[in-house]
>>> print(open('input20.cif').read())   # mmCIF, C-alpha atoms
data_start
#
loop_
_atom_site.group_PDB
_atom_site.id
_atom_site.type_symbol
_atom_site.label_atom_id
_atom_site.label_comp_id
_atom_site.auth_asym_id
_atom_site.auth_seq_id
_atom_site.Cartn_x
_atom_site.Cartn_y
_atom_site.Cartn_z
ATOM 1 C CA MET F 1 4.160 -12.163 15.278
ATOM 2 C CA ALA F 2 2.650 -15.192 17.019
ATOM 3 C CA PRO F 3 0.042 -13.245 19.054
ATOM 4 C CA TYR F 4 -1.262 -11.731 15.811
ATOM 5 C CA ARG F 5 -1.149 -14.895 13.697
ATOM 6 C CA GLY F 6 -3.542 -14.508 10.784
ATOM 7 C CA ARG F 7 -4.174 -10.831 11.613
ATOM 8 C CA VAL F 8 -1.337 -8.897 9.993
ATOM 9 C CA HIS F 9 -1.773 -5.813 7.811
ATOM 10 C CA ILE F 10 1.216 -4.722 5.706
ATOM 11 C CA ASP F 11 1.126 -1.237 4.219
ATOM 12 C CA LEU F 12 3.607 -0.723 1.378
ATOM 13 C CA GLY F 13 4.898 2.774 0.630
ATOM 14 C CA SER F 14 3.755 4.144 3.987
ATOM 15 C CA GLY F 15 5.579 7.477 3.682
ATOM 16 C CA ASP F 16 5.493 9.067 7.132
ATOM 17 C CA GLY F 17 3.472 6.142 8.548
ATOM 18 C CA ARG F 18 0.554 8.227 9.784
ATOM 19 C CA GLY F 19 -2.002 5.990 8.087
ATOM 20 C CA PRO F 20 -0.811 2.729 9.681
ATOM 21 C CA TYR F 21 -0.449 4.518 13.032
ATOM 22 C CA HIS F 22 -4.080 5.619 12.845
ATOM 23 C CA TRP F 23 -5.291 2.150 11.822
ATOM 24 C CA ALA F 24 -3.234 0.376 14.494
ATOM 25 C CA SER F 25 -4.562 2.628 17.249
ATOM 26 C CA ARG F 26 -8.104 1.641 16.301
ATOM 27 C CA GLU F 27 -7.543 -2.091 15.809
ATOM 28 C CA PRO F 28 -5.304 -3.285 18.677
ATOM 29 C CA SER F 29 -5.880 -6.988 17.983
ATOM 30 C CA ARG F 30 -4.119 -6.721 14.606
ATOM 31 C CA LEU F 31 -0.412 -6.195 13.862
ATOM 32 C CA PHE F 32 0.333 -3.389 11.404
ATOM 33 C CA ILE F 33 3.592 -3.163 9.457
ATOM 34 C CA ALA F 34 4.405 0.201 7.905
ATOM 35 C CA SER F 35 6.998 -0.192 5.166
ATOM 36 C CA ASP F 36 8.817 2.433 3.123
ATOM 37 C CA THR F 37 12.206 2.736 1.448
ATOM 38 C CA ASN F 38 12.903 6.044 3.223
ATOM 39 C CA PRO F 39 13.832 5.447 6.883
ATOM 40 C CA ALA F 40 13.773 9.167 7.686
ATOM 41 C CA GLY F 41 10.089 9.334 6.801
ATOM 42 C CA LEU F 42 9.167 6.639 9.341
ATOM 43 C CA THR F 43 11.389 7.821 12.196
ATOM 44 C CA GLU F 44 8.906 10.116 13.910
ATOM 45 C CA ILE F 45 5.971 7.710 13.830
ATOM 46 C CA ALA F 46 8.168 4.775 14.936
ATOM 47 C CA TRP F 47 9.297 6.828 17.932
ATOM 48 C CA LYS F 48 5.718 7.829 18.716
ATOM 49 C CA ALA F 49 4.450 4.242 18.443
ATOM 50 C CA GLY F 50 7.156 3.065 20.851
ATOM 51 C CA ARG F 51 6.035 5.350 23.670
ATOM 52 C CA LYS F 52 3.807 4.323 26.557
ATOM 53 C CA ALA F 53 0.167 3.865 25.569
ATOM 54 C CA SER F 54 -0.800 6.809 27.785
ATOM 55 C CA ARG F 55 1.473 9.011 25.679
ATOM 56 C CA GLY F 56 0.296 7.850 22.266
ATOM 57 C CA GLY F 57 2.194 4.589 22.006
ATOM 58 C CA VAL F 58 0.858 1.889 19.706
ATOM 59 C CA PRO F 59 2.499 -1.477 20.472
ATOM 60 C CA ASN F 60 0.930 -3.228 17.468
ATOM 61 C CA LEU F 61 2.708 -1.043 14.885
ATOM 62 C CA VAL F 62 6.087 -1.999 13.431
ATOM 63 C CA CYS F 63 7.973 0.241 11.000
ATOM 64 C CA ILE F 64 10.332 -1.320 8.457
ATOM 65 C CA ALA F 65 12.447 0.763 6.070
ATOM 66 C CA GLU F 66 12.997 -1.736 3.274
ATOM 67 C CA PRO F 67 12.151 -1.920 -0.436
ATOM 68 C CA LEU F 68 9.552 -4.437 -1.542
ATOM 69 C CA ASP F 69 12.023 -7.061 -2.758
ATOM 70 C CA ALA F 70 13.895 -7.055 0.562
ATOM 71 C CA LEU F 71 10.655 -7.227 2.534
ATOM 72 C CA ALA F 72 9.511 -10.231 0.521
ATOM 73 C CA ALA F 73 12.864 -11.948 1.062
ATOM 74 C CA GLU F 74 12.838 -11.365 4.818
ATOM 75 C CA LEU F 75 9.204 -12.131 5.650
ATOM 76 C CA ALA F 76 7.301 -15.355 5.208
ATOM 77 C CA PRO F 77 3.673 -15.206 4.052
ATOM 78 C CA VAL F 78 2.170 -13.446 7.082
ATOM 79 C CA ALA F 79 -0.371 -10.878 5.859
ATOM 80 C CA ASP F 80 -4.097 -11.329 5.536
ATOM 81 C CA ARG F 81 -4.363 -7.698 4.400
ATOM 82 C CA ILE F 82 -2.049 -5.545 2.261
ATOM 83 C CA THR F 83 -2.533 -1.920 1.241
ATOM 84 C CA VAL F 84 -0.715 0.269 -1.278
ATOM 85 C CA ILE F 85 -2.210 3.750 -0.979
ATOM 86 C CA LEU F 86 -1.151 6.356 -3.568
ATOM 87 C CA PRO F 87 2.308 4.936 -4.253
ATOM 88 C CA TRP F 88 5.034 6.965 -5.971
ATOM 89 C CA GLY F 89 8.117 6.200 -8.007
ATOM 90 C CA SER F 90 9.138 2.572 -8.330
ATOM 91 C CA LEU F 91 6.243 1.266 -6.208
ATOM 92 C CA LEU F 92 3.719 3.067 -8.412
ATOM 93 C CA ARG F 93 5.301 1.490 -11.454
ATOM 94 C CA ALA F 94 5.398 -1.903 -9.728
ATOM 95 C CA VAL F 95 1.659 -2.091 -9.116
ATOM 96 C CA GLY F 96 0.479 0.181 -11.925
ATOM 97 C CA ALA F 97 2.567 -0.740 -14.971
ATOM 98 C CA PRO F 98 2.652 -3.440 -13.552
ATOM 99 C CA GLU F 99 5.905 -5.361 -13.000
ATOM 100 C CA LEU F 100 5.406 -9.099 -12.641
ATOM 101 C CA LEU F 101 8.357 -9.656 -10.278
ATOM 102 C CA SER F 102 7.086 -6.946 -7.929
ATOM 103 C CA LEU F 103 3.571 -8.400 -7.953
ATOM 104 C CA ARG F 104 5.022 -11.796 -7.102
ATOM 105 C CA ASN F 105 6.904 -10.213 -4.188
ATOM 106 C CA ILE F 106 3.594 -8.830 -2.915
ATOM 107 C CA ALA F 107 1.951 -12.229 -3.393
ATOM 108 C CA HIS F 108 4.778 -13.845 -1.395
ATOM 109 C CA LEU F 109 3.696 -11.842 1.662
ATOM 110 C CA CYS F 110 0.083 -13.063 1.442
ATOM 111 C CA LEU F 111 -1.695 -15.684 3.466
ATOM 112 C CA PRO F 112 -4.379 -17.696 1.599
ATOM 113 C CA ASP F 113 -7.220 -15.430 0.442
ATOM 114 C CA ALA F 114 -5.451 -12.299 1.718
ATOM 115 C CA SER F 115 -6.971 -9.017 0.547
ATOM 116 C CA LEU F 116 -5.072 -6.389 -1.420
ATOM 117 C CA ASP F 117 -6.269 -2.780 -1.580
ATOM 118 C CA ILE F 118 -4.474 -0.470 -4.050
ATOM 119 C CA VAL F 119 -5.300 3.172 -4.704
ATOM 120 C CA LEU F 120 -3.634 4.685 -7.786
ATOM 121 C CA SER F 121 -3.431 8.180 -9.198
ATOM 122 C CA TYR F 122 -1.090 9.607 -11.802
ATOM 123 C CA ASP F 123 -1.281 12.878 -13.696
ATOM 124 C CA ALA F 124 1.227 13.013 -16.550
ATOM 125 C CA GLN F 125 1.709 16.779 -16.218
ATOM 126 C CA ARG F 126 1.626 17.300 -12.456
ATOM 127 C CA ASP F 127 3.457 14.092 -11.501
ATOM 128 C CA ALA F 128 6.170 14.048 -14.177
ATOM 129 C CA HIS F 129 8.775 14.957 -11.531
ATOM 130 C CA GLN F 130 8.668 11.406 -10.190
ATOM 131 C CA ALA F 131 11.882 9.443 -10.360
ATOM 132 C CA ILE F 132 10.214 6.870 -12.612
ATOM 133 C CA PRO F 133 7.631 8.691 -14.749
ATOM 134 C CA LEU F 134 4.856 6.819 -16.495
ATOM 135 C CA THR F 135 3.267 7.488 -19.868
ATOM 136 C CA ALA F 136 0.471 9.976 -20.448
ATOM 137 C CA GLY F 137 -1.944 7.081 -20.915
ATOM 138 C CA ALA F 138 -1.158 5.486 -17.569
ATOM 139 C CA PHE F 139 -4.302 4.437 -15.700
ATOM 140 C CA ASP F 140 -6.825 5.317 -18.339
ATOM 141 C CA GLU F 141 -9.742 2.895 -18.754
ATOM 142 C CA GLU F 142 -7.970 0.873 -21.440
ATOM 143 C CA HIS F 143 -4.889 0.370 -19.292
ATOM 144 C CA ILE F 144 -6.864 -0.556 -16.170
ATOM 145 C CA ALA F 145 -8.696 -3.214 -18.192
ATOM 146 C CA THR F 146 -5.367 -5.005 -18.839
ATOM 147 C CA LEU F 147 -4.455 -5.336 -15.165
ATOM 148 C CA PRO F 148 -6.569 -8.384 -14.142
ATOM 149 C CA ARG F 149 -4.759 -10.642 -16.607
ATOM 150 C CA LEU F 150 -1.322 -9.401 -15.499
ATOM 151 C CA TYR F 151 -2.117 -9.642 -11.799
ATOM 152 C CA GLN F 152 -3.438 -13.182 -12.299
ATOM 153 C CA GLN F 153 0.018 -14.224 -13.496
ATOM 154 C CA ALA F 154 1.328 -13.361 -10.024
ATOM 155 C CA GLY F 155 -1.458 -15.220 -8.221
ATOM 156 C CA LEU F 156 -3.470 -12.091 -7.460
ATOM 157 C CA ARG F 157 -7.099 -11.998 -8.579
ATOM 158 C CA ILE F 158 -8.556 -8.520 -9.087
ATOM 159 C CA VAL F 159 -12.185 -8.569 -7.936
ATOM 160 C CA ALA F 160 -12.910 -4.876 -8.569
ATOM 161 C CA ALA F 161 -11.274 -1.978 -10.419
ATOM 162 C CA ASP F 162 -13.262 1.218 -10.018
ATOM 163 C CA ARG F 163 -12.923 4.973 -10.186
ATOM 164 C CA PHE F 164 -12.530 6.442 -6.719
ATOM 165 C CA SER F 165 -13.632 9.885 -5.595
ATOM 166 C CA GLN F 166 -11.186 12.328 -4.042
ATOM 167 C CA THR F 167 -13.359 12.883 -0.982
ATOM 168 C CA GLU F 168 -13.175 9.147 -0.219
ATOM 169 C CA LEU F 169 -9.383 9.398 0.014
ATOM 170 C CA ALA F 170 -9.588 11.116 3.391
ATOM 171 C CA GLY F 171 -10.912 7.871 4.862
ATOM 172 C CA TYR F 172 -7.447 6.312 4.597
ATOM 173 C CA HIS F 173 -5.980 8.865 7.039
ATOM 174 C CA THR F 174 -2.585 8.988 5.329
ATOM 175 C CA THR F 175 -0.892 12.357 4.891
ATOM 176 C CA TRP F 176 -0.865 12.181 1.095
ATOM 177 C CA ALA F 177 -4.422 10.856 0.779
ATOM 178 C CA THR F 178 -5.725 13.658 2.987
ATOM 179 C CA ARG F 179 -3.827 16.241 0.952
ATOM 180 C CA LEU F 180 -5.135 14.978 -2.389
ATOM 181 C CA ALA F 181 -8.673 14.623 -1.033
ATOM 182 C CA PHE F 182 -8.926 18.407 -0.878
ATOM 183 C CA GLY F 183 -6.639 19.242 -3.801
ATOM 184 C CA ARG F 184 -7.201 19.871 -7.484
ATOM 185 C CA PRO F 185 -9.354 17.324 -9.368
ATOM 186 C CA ARG F 186 -7.532 14.216 -10.579
ATOM 187 C CA LYS F 187 -8.382 10.697 -11.727
ATOM 188 C CA ILE F 188 -8.102 8.038 -9.035
ATOM 189 C CA TRP F 189 -8.537 4.270 -9.279
ATOM 190 C CA ARG F 190 -9.047 1.680 -6.580
ATOM 191 C CA LEU F 191 -8.104 -1.952 -7.193
ATOM 192 C CA ARG F 192 -9.284 -4.675 -4.847
ATOM 193 C CA ALA F 193 -7.713 -8.099 -5.175
ATOM 194 C CA ARG F 194 -7.355 -11.432 -3.443
ATOM 195 C CA TYR F 195 -4.418 -13.772 -3.218
ATOM 196 C CA ALA F 196 -5.407 -16.764 -5.325
ATOM 197 C CA GLY F 197 -2.282 -18.859 -4.856
ATOM 198 C CA PRO F 198 0.917 -19.366 -6.875
#
>>> encode(input="input20.cif", output="structure tokens")
Amino acid sequence: MAPYRGRVHIDLGSGDGRGPYHWASREPSRLFIASDTNPAGLTEIAWKAGRKASRGGVPNLVCIAEPLDALAAELAPVADRITVILPWGSLLRAVGAPELLSLRNIAHLCLPDASLDIVLSYDAQRDAHQAIPLTAGAFDEEHIATLPRLYQQAGLRIVAADRFSQTELAGYHTTWATRLAFGRPRKIWRLRARYAGP
């Protein structure tokens, strides 16, 4: 990672990796790490990124199929930017409930003053099939208001927590964000935070 020192973007819960692939192709001076617990989901984009540049290769994209706790254990603080875009299952619960240990694992990956961009959406009826369902009140205004204090305990300072429009989702270029951008109406939140130290 030496050539990219100080310019590393880790995306957690990357799914099929299309978002990080898009970002990496447009910012060649930065290293992008796409991480997801499902290796099958990242296989195609990892293969595509490894091709010659003339055939769509993106040498500054690395795909890692590891859960958050393993990623934090294996990597030193390297990221100046972390994204968690529309997480599901355990990752959604980690950043949305939230879970202090998981937030500390995210903080462990951060360089000083690293930015954290989280986009959350949960519909109790439509998303109840998730492996780890949340309550019907998840991510209402009252719940979102509790997050700054909980994030602060992990060394992450929330600087903004705002409603986010569905049309803006398409700007992330991930498969799921693009799908929801043109789907049925749903409540979406965007959290922006900074690493404030342990």
>>> residues_around(input="input20.cif", residues="stretch 178-193 of chain F", least_positions_apart="2", cutoff="10 Å", atoms="all atoms listed in the file", output="PyMOL selection string")
chain F and resi 19+82-86+95+113-123+126+139-141+144+147-148+151-152+155-176+195-196
>>> closest_residue(input="input20.cif", among="F:Leu68, F:Asp16, F:Val78, F:Val8", to="F:Leu103", atoms="all atoms listed in the file")
F:Leu68
>>> atom_distance(input="input20.cif", atom1="atom CA of F:Asn105", atom2="atom CA of F:Gly50")
28.3 Å
>>> atom_distance(input="input20.cif", atom1="atom CA of F:Leu92", atom2="atom CA of F:Lys48")
27.6 Å
>>> atom_distance(input="input20.cif", atom1="atom CA of F:Asp69", atom2="atom CA of F:Glu27")
27.4 Å
>>> closest_residue(input="input20.cif", among="F:Ala72, F:Ala53, F:Ala34, F:Ala24", to="F:Leu101", atoms="all atoms listed in the file")
F:Ala72
>>> resolve_selection(input="input20.cif", expression="the PyMOL selection byres ((chain F and resi 73) around 12)", output="ChimeraX atom specification")
/F:66-72,74-77,102,104-109
>>> residues_around(input="input20.cif", residues="F:Leu31", least_positions_apart="6", cutoff="12 Å", atoms="all atoms listed in the file", output="ChimeraX atom specification")
/F:1-11,20-21,23-25,58-63,78-82
>>> closest_residue(input="input20.cif", among="F:Ala49, F:Leu91, F:Arg55, F:Arg18", to="F:Thr37", atoms="only C-alpha atoms")
F:Leu91
>>> residues_around(input="input20.cif", residues="F:Ile64", least_positions_apart="5", cutoff="8 Å", atoms="only C-alpha atoms", output="ChimeraX atom specification")
/F:33-36,39
>>> build_atoms(input="input20.cif", residues="stretch 136-155 of chain F", atoms="N, CA and C atoms", output="compact mmCIF listing (two decimals), in the frame of the given file")
# COMPACT_ATOMS: atom_id res chain seq x y z
N ALA F 136 1.66 9.14 -20.57
CA ALA F 136 0.47 9.98 -20.45
C ALA F 136 -0.80 9.14 -20.36
N GLY F 137 -0.76 7.94 -20.93
CA GLY F 137 -1.94 7.08 -20.92
C GLY F 137 -2.05 6.18 -19.70
N ALA F 138 -1.13 6.34 -18.75
CA ALA F 138 -1.16 5.49 -17.57
C ALA F 138 -2.48 5.64 -16.82
N PHE F 139 -3.09 4.50 -16.51
CA PHE F 139 -4.30 4.44 -15.70
C PHE F 139 -5.54 5.03 -16.37
N ASP F 140 -5.55 5.04 -17.68
CA ASP F 140 -6.82 5.32 -18.34
C ASP F 140 -7.62 4.01 -18.36
N GLU F 141 -8.87 4.07 -18.81
CA GLU F 141 -9.74 2.90 -18.75
C GLU F 141 -9.16 1.70 -19.50
N GLU F 142 -8.54 1.97 -20.65
CA GLU F 142 -7.97 0.87 -21.44
C GLU F 142 -6.84 0.18 -20.70
N HIS F 143 -6.00 0.96 -20.03
CA HIS F 143 -4.89 0.37 -19.29
C HIS F 143 -5.39 -0.43 -18.09
N ILE F 144 -6.33 0.14 -17.35
CA ILE F 144 -6.86 -0.56 -16.17
C ILE F 144 -7.47 -1.90 -16.55
N ALA F 145 -8.07 -1.97 -17.73
CA ALA F 145 -8.70 -3.21 -18.19
C ALA F 145 -7.68 -4.33 -18.43
N THR F 146 -6.40 -3.99 -18.62
CA THR F 146 -5.37 -5.00 -18.84
C THR F 146 -4.83 -5.59 -17.54
N LEU F 147 -5.09 -4.94 -16.42
CA LEU F 147 -4.46 -5.34 -15.16
C LEU F 147 -4.90 -6.70 -14.63
N PRO F 148 -6.18 -7.08 -14.70
CA PRO F 148 -6.57 -8.38 -14.14
C PRO F 148 -5.75 -9.54 -14.70
N ARG F 149 -5.53 -9.55 -16.00
CA ARG F 149 -4.76 -10.64 -16.61
C ARG F 149 -3.32 -10.65 -16.09
N LEU F 150 -2.71 -9.48 -15.95
CA LEU F 150 -1.32 -9.40 -15.50
C LEU F 150 -1.19 -9.75 -14.02
N TYR F 151 -2.14 -9.30 -13.22
CA TYR F 151 -2.12 -9.64 -11.80
C TYR F 151 -2.31 -11.14 -11.60
N GLN F 152 -3.16 -11.75 -12.43
CA GLN F 152 -3.44 -13.18 -12.30
C GLN F 152 -2.17 -14.00 -12.46
N GLN F 153 -1.25 -13.51 -13.29
CA GLN F 153 0.02 -14.22 -13.50
C GLN F 153 0.86 -14.30 -12.22
N ALA F 154 0.60 -13.38 -11.29
CA ALA F 154 1.33 -13.36 -10.02
C ALA F 154 0.53 -14.02 -8.90
N GLY F 155 -0.64 -14.58 -9.23
CA GLY F 155 -1.46 -15.22 -8.22
C GLY F 155 -2.37 -14.27 -7.48
